[in-house]
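Colleague: Just one file: entry_19.csv, with CSV, C-alpha atoms.
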chain,number,residue,atom,x,y,z
A,830,MET,CA,-57.2,-8.4,-6.1
A,831,THR,CA,-57.4,-10.2,-2.8
A,832,GLU,CA,-54.1,-10.1,-0.8
A,833,LYS,CA,-53.6,-12.3,2.2
A,834,ARG,CA,-51.0,-10.3,4.1
A,835,ARG,CA,-49.1,-12.2,6.8
A,836,ALA,CA,-47.1,-9.0,7.5
A,837,PRO,CA,-47.4,-5.4,6.3
A,838,GLN,CA,-44.4,-5.9,4.0
A,839,ASN,CA,-45.8,-9.0,2.3
A,840,ARG,CA,-46.3,-8.1,-1.3
A,841,THR,CA,-47.0,-11.6,-2.6
A,842,ILE,CA,-49.7,-11.8,-5.3
A,843,PHE,CA,-52.8,-13.7,-4.2
A,844,LEU,CA,-55.8,-14.0,-6.4
A,845,SER,CA,-59.4,-14.7,-5.4
A,846,GLU,CA,-61.4,-17.5,-7.0
A,847,GLU,CA,-63.3,-14.9,-9.0
A,848,GLU,CA,-60.0,-13.3,-10.2
A,849,ILE,CA,-58.6,-16.7,-11.1
A,850,ALA,CA,-61.7,-17.4,-13.2
A,851,GLU,CA,-61.5,-13.9,-14.9
A,852,TYR,CA,-57.8,-13.9,-15.7
A,853,SER,CA,-57.5,-17.6,-16.7
A,854,SER,CA,-60.4,-17.0,-19.2
A,855,ARG,CA,-58.0,-14.7,-21.2
A,856,ALA,CA,-55.8,-17.7,-22.2
A,857,ILE,CA,-56.4,-19.5,-25.5
A,858,VAL,CA,-57.5,-23.2,-25.6
A,859,PRO,CA,-56.0,-24.6,-28.8
A,860,SER,CA,-57.9,-27.3,-30.6
A,861,ALA,CA,-56.6,-26.9,-34.2
A,862,LYS,CA,-53.4,-25.9,-36.0
A,863,LEU,CA,-52.3,-22.5,-34.8
A,864,THR,CA,-51.1,-19.5,-36.7
A,865,LEU,CA,-48.4,-17.1,-35.6
A,866,ASP,CA,-50.9,-14.3,-35.1
A,867,GLU,CA,-53.0,-16.6,-32.9
A,868,ILE,CA,-50.2,-17.3,-30.4
A,869,ALA,CA,-48.3,-14.0,-30.5
A,870,ASN,CA,-48.3,-12.5,-27.0
A,871,LYS,CA,-50.7,-15.1,-25.7
A,872,THR,CA,-50.9,-17.8,-23.0
A,873,ALA,CA,-52.3,-21.2,-23.8
A,874,ILE,CA,-53.9,-23.4,-21.2
A,875,GLY,CA,-53.5,-27.1,-21.6
A,876,ASP,CA,-51.0,-29.9,-21.9
A,877,PHE,CA,-47.7,-29.0,-23.6
A,878,PHE,CA,-47.4,-32.3,-25.6
A,879,GLU,CA,-50.8,-31.8,-27.0
A,880,ILE,CA,-50.5,-28.1,-27.8
A,881,ALA,CA,-47.0,-28.6,-29.3
A,882,LYS,CA,-48.6,-30.6,-32.2
A,883,LEU,CA,-50.6,-27.5,-33.1
A,884,LEU,CA,-47.8,-25.0,-33.1
A,885,PRO,CA,-46.5,-23.2,-36.3
A,886,GLU,CA,-43.0,-24.1,-37.5
A,887,ASN,CA,-39.8,-22.0,-37.2
A,888,PHE,CA,-41.1,-19.1,-35.1
A,889,VAL,CA,-39.1,-19.4,-31.9
A,890,ASP,CA,-35.9,-17.2,-31.4
A,891,LEU,CA,-35.5,-18.1,-27.7
A,892,LEU,CA,-36.7,-21.2,-26.0
A,893,PHE,CA,-36.8,-21.2,-22.2
A,894,LEU,CA,-37.4,-24.6,-20.7
A,895,ASP,CA,-38.2,-25.0,-17.0
A,896,PRO,CA,-39.8,-28.4,-16.8
A,897,PRO,CA,-40.4,-30.2,-13.5
A,898,TYR,CA,-37.1,-31.1,-11.9
A,899,ASN,CA,-36.1,-34.7,-11.3
A,900,MET,CA,-37.6,-34.8,-7.8
A,901,TYR,CA,-41.0,-35.3,-6.2
A,902,LYS,CA,-43.0,-32.1,-6.4
A,903,ASN,CA,-46.7,-31.3,-6.0
A,904,PHE,CA,-48.0,-28.5,-8.3
A,905,ASN,CA,-51.5,-27.7,-7.1
A,906,GLY,CA,-52.4,-31.4,-6.7
A,907,LYS,CA,-50.5,-32.5,-9.9
A,908,ALA,CA,-47.5,-34.5,-8.7
A,909,PHE,CA,-44.2,-35.1,-10.5
A,910,THR,CA,-42.4,-38.3,-9.4
A,911,GLN,CA,-38.6,-38.6,-9.3
A,912,LYS,CA,-37.1,-40.8,-12.0
A,913,THR,CA,-33.8,-42.4,-12.6
A,914,PHE,CA,-31.2,-40.3,-14.4
A,915,THR,CA,-31.8,-42.2,-17.6
A,916,GLU,CA,-35.5,-42.0,-17.4
A,917,TYR,CA,-35.4,-38.3,-16.8
A,918,ALA,CA,-33.1,-37.8,-19.9
A,919,GLU,CA,-35.7,-39.8,-21.9
A,920,TYR,CA,-38.4,-37.5,-20.6
A,921,LEU,CA,-36.4,-34.4,-21.7
A,922,GLU,CA,-35.9,-36.0,-25.2
A,923,LYS,CA,-39.6,-36.2,-25.7
A,924,ILE,CA,-39.9,-32.5,-24.9
A,925,PHE,CA,-37.1,-31.6,-27.3
A,926,GLU,CA,-38.6,-33.7,-30.1
A,927,ALA,CA,-41.9,-32.0,-29.6
A,928,VAL,CA,-40.6,-28.5,-29.6
A,929,LEU,CA,-37.9,-28.8,-32.2
A,930,PRO,CA,-40.1,-28.0,-35.3
A,931,ALA,CA,-41.1,-24.7,-33.8
A,932,LEU,CA,-37.5,-23.5,-33.4
A,933,LYS,CA,-35.7,-21.3,-35.9
A,934,LYS,CA,-32.3,-22.5,-37.1
A,935,SER,CA,-30.8,-19.5,-35.3
A,936,ALA,CA,-32.6,-20.2,-32.0
A,937,SER,CA,-31.1,-20.3,-28.6
A,938,VAL,CA,-32.2,-22.8,-25.9
A,939,TYR,CA,-32.0,-22.5,-22.2
A,940,VAL,CA,-32.9,-25.5,-19.9
A,941,CYS,CA,-33.2,-25.2,-16.2
A,942,GLY,CA,-32.3,-27.8,-13.6
A,943,ASP,CA,-30.9,-28.5,-10.1
A,944,TRP,CA,-27.8,-30.7,-9.4
A,945,ARG,CA,-29.7,-33.9,-9.8
A,946,THR,CA,-31.5,-32.8,-13.0
A,947,SER,CA,-28.2,-31.5,-14.5
A,948,ILE,CA,-26.9,-35.0,-14.6
A,949,SER,CA,-29.5,-35.8,-17.3
A,950,ILE,CA,-29.9,-32.6,-19.2
A,951,PRO,CA,-26.7,-32.7,-21.3
A,952,LEU,CA,-27.3,-36.4,-22.2
A,953,ALA,CA,-30.6,-35.3,-23.9
A,954,LEU,CA,-29.4,-31.9,-25.1
A,955,GLU,CA,-26.4,-33.2,-27.1
A,956,LYS,CA,-28.7,-35.4,-29.3
A,957,TYR,CA,-30.6,-32.3,-30.7
A,958,PHE,CA,-28.6,-29.2,-30.0
A,959,LYS,CA,-25.1,-27.7,-29.7
A,960,ILE,CA,-24.3,-27.3,-26.1
A,961,ARG,CA,-22.6,-23.9,-25.4
A,962,ASN,CA,-22.3,-23.6,-21.6
A,963,ARG,CA,-23.7,-24.2,-18.2
A,964,ILE,CA,-24.7,-21.3,-16.1
A,965,THR,CA,-24.8,-21.9,-12.3
A,966,TRP,CA,-26.7,-19.3,-10.2
A,967,GLU,CA,-26.8,-18.9,-6.5
A,968,ARG,CA,-30.2,-19.7,-5.1
A,969,GLU,CA,-30.0,-18.3,-1.6
A,970,LYS,CA,-33.1,-19.7,-0.2
A,971,GLY,CA,-34.3,-22.7,1.8
A,972,ARG,CA,-33.2,-24.4,5.0
A,973,GLY,CA,-30.0,-26.2,5.7
A,974,SER,CA,-29.5,-29.9,6.1
A,975,LYS,CA,-27.8,-31.8,8.9
A,976,THR,CA,-27.1,-34.9,6.7
A,977,ASN,CA,-26.0,-33.2,3.5
A,978,TRP,CA,-24.7,-29.9,2.0
A,979,LYS,CA,-27.3,-27.3,1.6
A,980,ASN,CA,-28.6,-27.2,-2.0
A,981,ASN,CA,-27.9,-23.6,-2.8
A,982,THR,CA,-27.5,-23.5,-6.6
A,983,GLU,CA,-29.3,-24.2,-9.8
A,984,ASP,CA,-28.1,-24.6,-13.4
A,985,ILE,CA,-29.2,-23.3,-16.7
A,986,TRP,CA,-27.8,-25.1,-19.7
A,987,PHE,CA,-27.3,-22.9,-22.8
A,988,ALA,CA,-27.5,-24.5,-26.2
A,989,THR,CA,-28.2,-23.5,-29.8
A,990,VAL,CA,-29.9,-25.2,-32.8
A,991,SER,CA,-26.9,-24.3,-35.0
A,992,ASP,CA,-23.7,-22.3,-35.1
A,993,ASP,CA,-25.7,-19.4,-36.5
A,994,TYR,CA,-27.1,-17.7,-33.3
A,995,TYR,CA,-27.3,-14.3,-31.6
A,996,PHE,CA,-25.5,-13.4,-28.4
A,997,ASN,CA,-25.2,-9.8,-27.0
A,998,ALA,CA,-22.7,-9.8,-24.2
A,999,GLU,CA,-22.7,-6.0,-24.0
A,1000,ALA,CA,-26.4,-6.0,-23.0
A,1001,VAL,CA,-25.8,-8.1,-19.9
A,1002,LYS,CA,-22.7,-6.7,-18.3
A,1003,LEU,CA,-22.8,-6.5,-14.6
A,1004,LYS,CA,-22.2,-3.3,-12.6
A,1005,LYS,CA,-19.9,-4.6,-9.9
A,1006,ARG,CA,-18.6,-2.9,-6.8
A,1007,VAL,CA,-14.8,-2.2,-6.8
A,1008,ILE,CA,-13.2,-3.4,-3.6
A,1009,ALA,CA,-9.6,-2.5,-4.4
A,1010,PRO,CA,-9.7,0.4,-6.9
A,1011,TYR,CA,-6.7,0.6,-9.2
A,1012,ARG,CA,-5.4,3.8,-10.7
A,1013,ASN,CA,-3.1,4.4,-13.6
A,1014,GLU,CA,0.2,6.4,-13.5
A,1015,ASN,CA,-1.8,9.6,-13.8
A,1016,GLY,CA,-3.9,8.8,-10.7
A,1017,GLU,CA,-7.0,8.2,-12.9
A,1018,PRO,CA,-9.4,5.3,-12.3
A,1019,LYS,CA,-8.6,2.3,-14.4
A,1020,ASP,CA,-11.7,0.4,-15.7
A,1021,TRP,CA,-14.0,1.8,-13.0
A,1022,SER,CA,-15.9,4.9,-12.1
A,1023,LYS,CA,-17.2,6.6,-9.0
A,1024,SER,CA,-20.9,7.4,-8.3
A,1025,LYS,CA,-23.0,8.4,-5.3
A,1026,ASN,CA,-23.5,4.7,-4.6
A,1027,GLY,CA,-19.8,3.9,-4.5
A,1028,MET,CA,-17.1,2.7,-6.9
A,1029,PHE,CA,-18.1,0.3,-9.7
A,1030,ARG,CA,-16.9,-1.3,-12.9
A,1031,MET,CA,-18.8,-2.9,-15.7
A,1032,THR,CA,-17.8,-6.6,-16.1
A,1033,PHE,CA,-18.5,-9.1,-18.8
A,1034,PRO,CA,-21.1,-11.8,-17.8
A,1035,SER,CA,-19.7,-15.1,-16.6
A,1036,ASN,CA,-21.4,-18.5,-16.1
A,1037,ILE,CA,-21.5,-18.0,-12.3
A,1038,TRP,CA,-24.3,-15.7,-11.2
A,1039,THR,CA,-24.3,-14.5,-7.5
A,1040,ASP,CA,-26.4,-11.4,-8.1
A,1041,ILE,CA,-29.8,-13.2,-8.4
A,1042,SER,CA,-32.5,-13.0,-5.6
A,1043,VAL,CA,-35.1,-15.7,-5.6
A,1044,PRO,CA,-38.6,-14.1,-5.3
A,1045,PHE,CA,-39.8,-13.9,-1.8
A,1046,TRP,CA,-42.7,-12.3,0.1
A,1047,SER,CA,-41.5,-8.7,0.2
A,1048,MET,CA,-40.9,-8.6,-3.6
A,1049,PRO,CA,-43.8,-7.4,-5.8
A,1050,GLU,CA,-43.1,-10.1,-8.4
A,1051,ASN,CA,-43.6,-12.9,-5.9
A,1052,THR,CA,-46.5,-15.4,-6.4
A,1053,GLU,CA,-47.7,-18.6,-4.8
A,1054,HIS,CA,-45.9,-20.7,-7.4
A,1055,PRO,CA,-43.4,-23.1,-5.6
A,1056,THR,CA,-40.6,-22.8,-8.2
A,1057,GLN,CA,-41.0,-19.3,-9.6
A,1058,LYS,CA,-37.9,-17.9,-11.4
A,1059,PRO,CA,-36.8,-14.3,-10.8
A,1060,GLU,CA,-37.5,-11.7,-13.4
A,1061,LYS,CA,-33.8,-10.5,-13.3
A,1062,LEU,CA,-32.7,-14.0,-14.3
A,1063,LEU,CA,-35.0,-14.1,-17.3
A,1064,ALA,CA,-34.0,-10.6,-18.3
A,1065,LYS,CA,-30.3,-11.7,-18.6
A,1066,LEU,CA,-31.2,-14.6,-20.9
A,1067,ILE,CA,-33.7,-12.6,-23.0
A,1068,LEU,CA,-31.3,-9.6,-23.5
A,1069,ALA,CA,-28.3,-11.8,-24.3
A,1070,SER,CA,-30.1,-14.1,-26.7
A,1071,SER,CA,-32.8,-12.1,-28.5
A,1072,ARG,CA,-33.4,-8.8,-30.1
A,1073,GLU,CA,-36.4,-6.5,-29.7
A,1074,GLY,CA,-39.3,-8.0,-31.6
A,1075,ASP,CA,-37.9,-11.5,-31.4
A,1076,PHE,CA,-40.1,-14.4,-30.2
A,1077,ALA,CA,-39.6,-16.0,-26.7
A,1078,PHE,CA,-41.4,-19.3,-26.0
A,1079,ASP,CA,-41.9,-21.0,-22.6
A,1080,PRO,CA,-43.6,-24.4,-22.7
A,1081,PHE,CA,-43.9,-24.7,-18.9
A,1082,LEU,CA,-44.8,-21.2,-18.1
A,1083,GLY,CA,-45.7,-21.5,-14.4
A,1084,SER,CA,-46.6,-18.1,-13.0
A,1085,GLY,CA,-45.6,-16.3,-16.2
A,1086,THR,CA,-42.1,-14.8,-15.6
A,1087,THR,CA,-40.8,-15.5,-19.1
A,1088,SER,CA,-43.7,-13.8,-20.8
A,1089,VAL,CA,-43.8,-10.9,-18.4
A,1090,VAL,CA,-40.1,-10.1,-18.8
A,1091,ALA,CA,-40.3,-10.6,-22.6
A,1092,LYS,CA,-43.2,-8.0,-22.6
A,1093,LYS,CA,-41.2,-5.6,-20.5
A,1094,LEU,CA,-38.2,-5.9,-22.8
A,1095,ASP,CA,-40.3,-5.5,-26.0
A,1096,ARG,CA,-40.1,-9.1,-27.2
A,1097,LYS,CA,-43.0,-11.2,-28.5
A,1098,TYR,CA,-43.9,-14.2,-26.2
A,1099,PHE,CA,-46.0,-17.3,-26.0
A,1100,GLY,CA,-46.4,-19.6,-23.0
A,1101,ILE,CA,-48.1,-22.9,-22.2
A,1102,GLU,CA,-49.4,-23.8,-18.7
A,1103,ARG,CA,-51.9,-26.4,-17.7
A,1104,ASP,CA,-52.8,-25.1,-14.3
A,1105,LYS,CA,-55.6,-22.6,-14.2
A,1106,LYS,CA,-54.4,-20.8,-11.1
A,1107,PHE,CA,-50.9,-20.3,-12.6
A,1108,VAL,CA,-52.4,-19.2,-15.9
A,1109,ALA,CA,-54.4,-16.5,-14.0
A,1110,LEU,CA,-51.2,-15.3,-12.2
A,1111,SER,CA,-49.5,-15.0,-15.6
A,1112,GLU,CA,-52.3,-13.0,-17.1
A,1113,TYR,CA,-52.5,-10.8,-14.0
A,1114,ARG,CA,-48.8,-10.1,-14.1
A,1115,LEU,CA,-48.9,-9.4,-17.9
A,1116,GLU,CA,-51.7,-6.9,-17.3
A,1117,LYS,CA,-49.5,-5.1,-14.7
A,1118,ALA,CA,-46.6,-5.1,-17.1
A,1119,GLU,CA,-48.6,-2.8,-19.4
A,1120,THR,CA,-47.7,0.1,-17.1
A,1121,ASP,CA,-44.9,-1.1,-14.9
A,1122,LYS,CA,-41.7,-2.1,-16.8
A,1123,ARG,CA,-39.5,-2.3,-13.7
A,1124,ILE,CA,-37.3,-5.4,-13.2
A,1125,GLN,CA,-35.7,-5.6,-9.8
A,1126,GLY,CA,-31.9,-5.5,-10.0
A,1127,TYR,CA,-32.0,-4.1,-13.6
A,1128,GLU,CA,-32.0,-0.3,-13.7
A,1129,ASP,CA,-31.3,2.2,-16.5
A,1130,GLY,CA,-30.2,-0.6,-18.8
A,1131,VAL,CA,-27.7,-2.0,-16.2
A,1132,PHE,CA,-27.6,-5.2,-14.1
A,1133,TRP,CA,-26.6,-4.3,-10.6
A,1134,GLU,CA,-24.8,-6.6,-8.2
A,1135,ARG,CA,-27.1,-7.9,-5.4
A,1136,ASN,CA,-27.7,-5.4,-2.6
A,1137,SER,CA,-25.5,-2.7,-4.2
A,1138,ILE,CA,-28.4,-0.3,-4.7
Output the structure of this file as structure tokens.
Modeller:
Amino acid sequence: MTEKRRAPQNRTIFLSEEEIAEYSSRAIVPSAKLTLDEIANKTAIGDFFEIAKLLPENFVDLLFLDPPYNMYKNFNGKAFTQKTFTEYAEYLEKIFEAVLPALKKSASVYVCGDWRTSISIPLALEKYFKIRNRITWEREKGRGSKTNWKNNTEDIWFATVSDDYYFNAEAVKLKKRVIAPYRNENGEPKDWSKSKNGMFRMTFPSNIWTDISVPFWSMPENTEHPTQKPEKLLAKLILASSREGDFAFDPFLGSGTTSVVAKKLDRKYFGIERDKKFVALSEYRLEKAETDKRIQGYEDGVFWERNSI
């Protein structure tokens, strides 16, 4: 692997042209109807709308959708142009229609967006799914603005195909630092415990997440992808809405975070990505996940509050 280090602490993954060719060649290039065995734990290279026509039916337990947001963005020379709110909702509807046959009746669906995109997401979601919640997570990255409020959050809309779905709140509790420890009448800690790192309590997950760190150059999971999602974020969704052995599907895989985390957590996975460089990054990270199961911010089966360990 070739690493272009701008500083000794820069751990961003950079691949040479030779490595891009090698790792991207591991992806499948579908041209006919696919079987479950052919897509299990694979990455497909190509256009989502074309490959969706070839997918088997009723195999997805968890769908993670991170399509281009409703803004102008350039992905390695492939531009996405901002649309009206109605036009973007129509674009999402086409995605939902294409992927719906692949979903189990018990499947959970997560759709990512920023504030602008979130205006359109529920308009499209409610036509096909049962909307359950909107998660808002703090995206502490980027410069401020002198003419507007700094855009510091993103949303993840949670929906299900039906009322028969799986959700494990116990698996995604947050270990949170106790600021004002309360004791009962016997002087014993109430709902908290003390460790070498301080005083903590386990709290149920809410729909406001302030414990997520966006991948940056000193983190080993960081890549050159401009909108990469953190592994910790995907770990929460996968643990909450799937069991070991379940199937996670990401139609806009990017640099592979969904597949990588699914592999680390012993789920099956399948992802689609049209960009050769990002496919190579996905396959490189999947190879590393064979021996390194670590997820930053998730240790010993516990999600830790940001900067608490």
Colleague: Hey, which bits of region 1050-1090 of chain A sit within 12 Å of region 857-873 of chain A, and for each residue what's the closest pair of atoms and how far apart in Å (one decimal), counting all atoms listed in the file, rows by chain and increasing number, as a Markdown table?
Modeller:
| residue | atom | partner | partner_atom | distance |
| --- | --- | --- | --- | --- |
| A:Gly1074 | CA | A:Ala869 | CA | 10.9 |
| A:Asp1075 | CA | A:Ala869 | CA | 10.7 |
| A:Phe1076 | CA | A:Ala869 | CA | 8.2 |
| A:Ala1077 | CA | A:Asn870 | CA | 9.4 |
| A:Phe1078 | CA | A:Asn870 | CA | 9.7 |
| A:Asp1079 | CA | A:Thr872 | CA | 9.6 |
| A:Pro1080 | CA | A:Ala873 | CA | 9.3 |
| A:Phe1081 | CA | A:Ala873 | CA | 10.3 |
| A:Leu1082 | CA | A:Thr872 | CA | 8.5 |
| A:Gly1083 | CA | A:Thr872 | CA | 10.7 |
| A:Ser1084 | CA | A:Thr872 | CA | 10.9 |
| A:Gly1085 | CA | A:Thr872 | CA | 8.8 |
| A:Thr1086 | CA | A:Thr872 | CA | 11.9 |
| A:Thr1087 | CA | A:Thr872 | CA | 11.1 |
| A:Ser1088 | CA | A:Asn870 | CA | 7.8 |
| A:Val1089 | CA | A:Asn870 | CA | 9.8 |
| A:Val1090 | CA | A:Asn870 | CA | 11.8 |
Colleague: Find the residue from A:Gln1125, A:Ser845, A:Gln1057, A:Ser1070 that sits nearest to Ala1000 (chain A); use only C-alpha atoms when measuring.
Modeller: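 Among the listed residues, the smallest separation from Ala1000 (chain A) belongs to A:Ser1070.
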Colleague: Distance CA of Tyr917 (chain A)-CA of Ile948 (chain A), one decimal place?
Modeller: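 Going from CA of Tyr917 (chain A) over to CA of Ile948 (chain A), I get 9.4 Å.
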Colleague: Which of these residues is nearest to Ser947 (chain A), using only C-alpha atoms: A:Leu894, A:Ala918, A:Ile924, A:Leu929?
Modeller: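 When distances to Ser947 (chain A) are compared using only C-alpha atoms, the smallest one comes from A:Ala918.
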Colleague: Which is closer to Leu1066 (chain A) than all the others in A:Val1007, A:Ala856, A:Ala1091, A:Val889, using all atoms listed in the file?
Modeller: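 Looking only at the distances to Leu1066 (chain A), the closest residue turns out to be A:Ala1091.
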Colleague: Work out how far CA of Tyr994 (chain A) is from CA of Thr946 (chain A), in Å to one decimal.
Modeller: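 Computing the Euclidean distance for CA of Thr946 (chain A) and CA of Tyr994 (chain A) yields 25.7 Å.
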Colleague: Counting all atoms listed in the file, which residue out of A:Ala927, A:Thr982, A:Leu921, A:Leu932 sits closest to Leu952 (chain A)?
Modeller: A:Leu921
Colleague: Here is a test: counting all atoms listed in the file, which residue of A:Asp993, A:Asp890, A:Glu916, A:Asp1104 is nearest to Ser1071 (chain A)?
Modeller: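 Among A:Asp993, A:Asp890, A:Glu916, A:Asp1104, it is A:Asp890 that comes nearest to Ser1071 (chain A).
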Colleague: Which is closer to Asn1051 (chain A) than all the others in A:Asn997, A:Ala988, A:Arg1006, A:Leu1110, using only C-alpha atoms?
Modeller: A:Leu1110
Colleague: Rounded to one decimal place, report the CA of Ser853 (chain A)-CA of Phe888 (chain A) distance in Å.
Modeller: 24.7 Å
Colleague: Write out as a list in words each polymer residue whose atoms come within 10 Å of Arg1135 (chain A), counting all atoms listed in the file; drop sequence neighbours fewer than 4 positions from it.
Modeller: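 With the cut-off at 10 Å, the set is Lys1004, Lys1005, Arg1006, Thr1039, Asp1040, Ile1041, Ser1042, Gln1125 and Gly1126 of chain A.
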Colleague: Can you pull out every residue within 9 Å of Lys912 (chain A), counting all atoms listed in the file, but drop anything in the same chain fewer than 2 positions away, and send it as an MDAnalysis selection string?
Modeller: chainID A and resid 899:901 910 914:917
Colleague: Quick one: everything within 9 Å of Leu954 (chain A), counting only C-alpha atoms, minus sequence neighbours fewer than 5 positions away in the same chain. Send it as a list in words.
Modeller: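 Contacts, with the query itself left out: Ala918, Leu921, Glu922, Phe925, Val940, Ser949, Lys959, Ile960, Trp986 and Ala988 of chain A.
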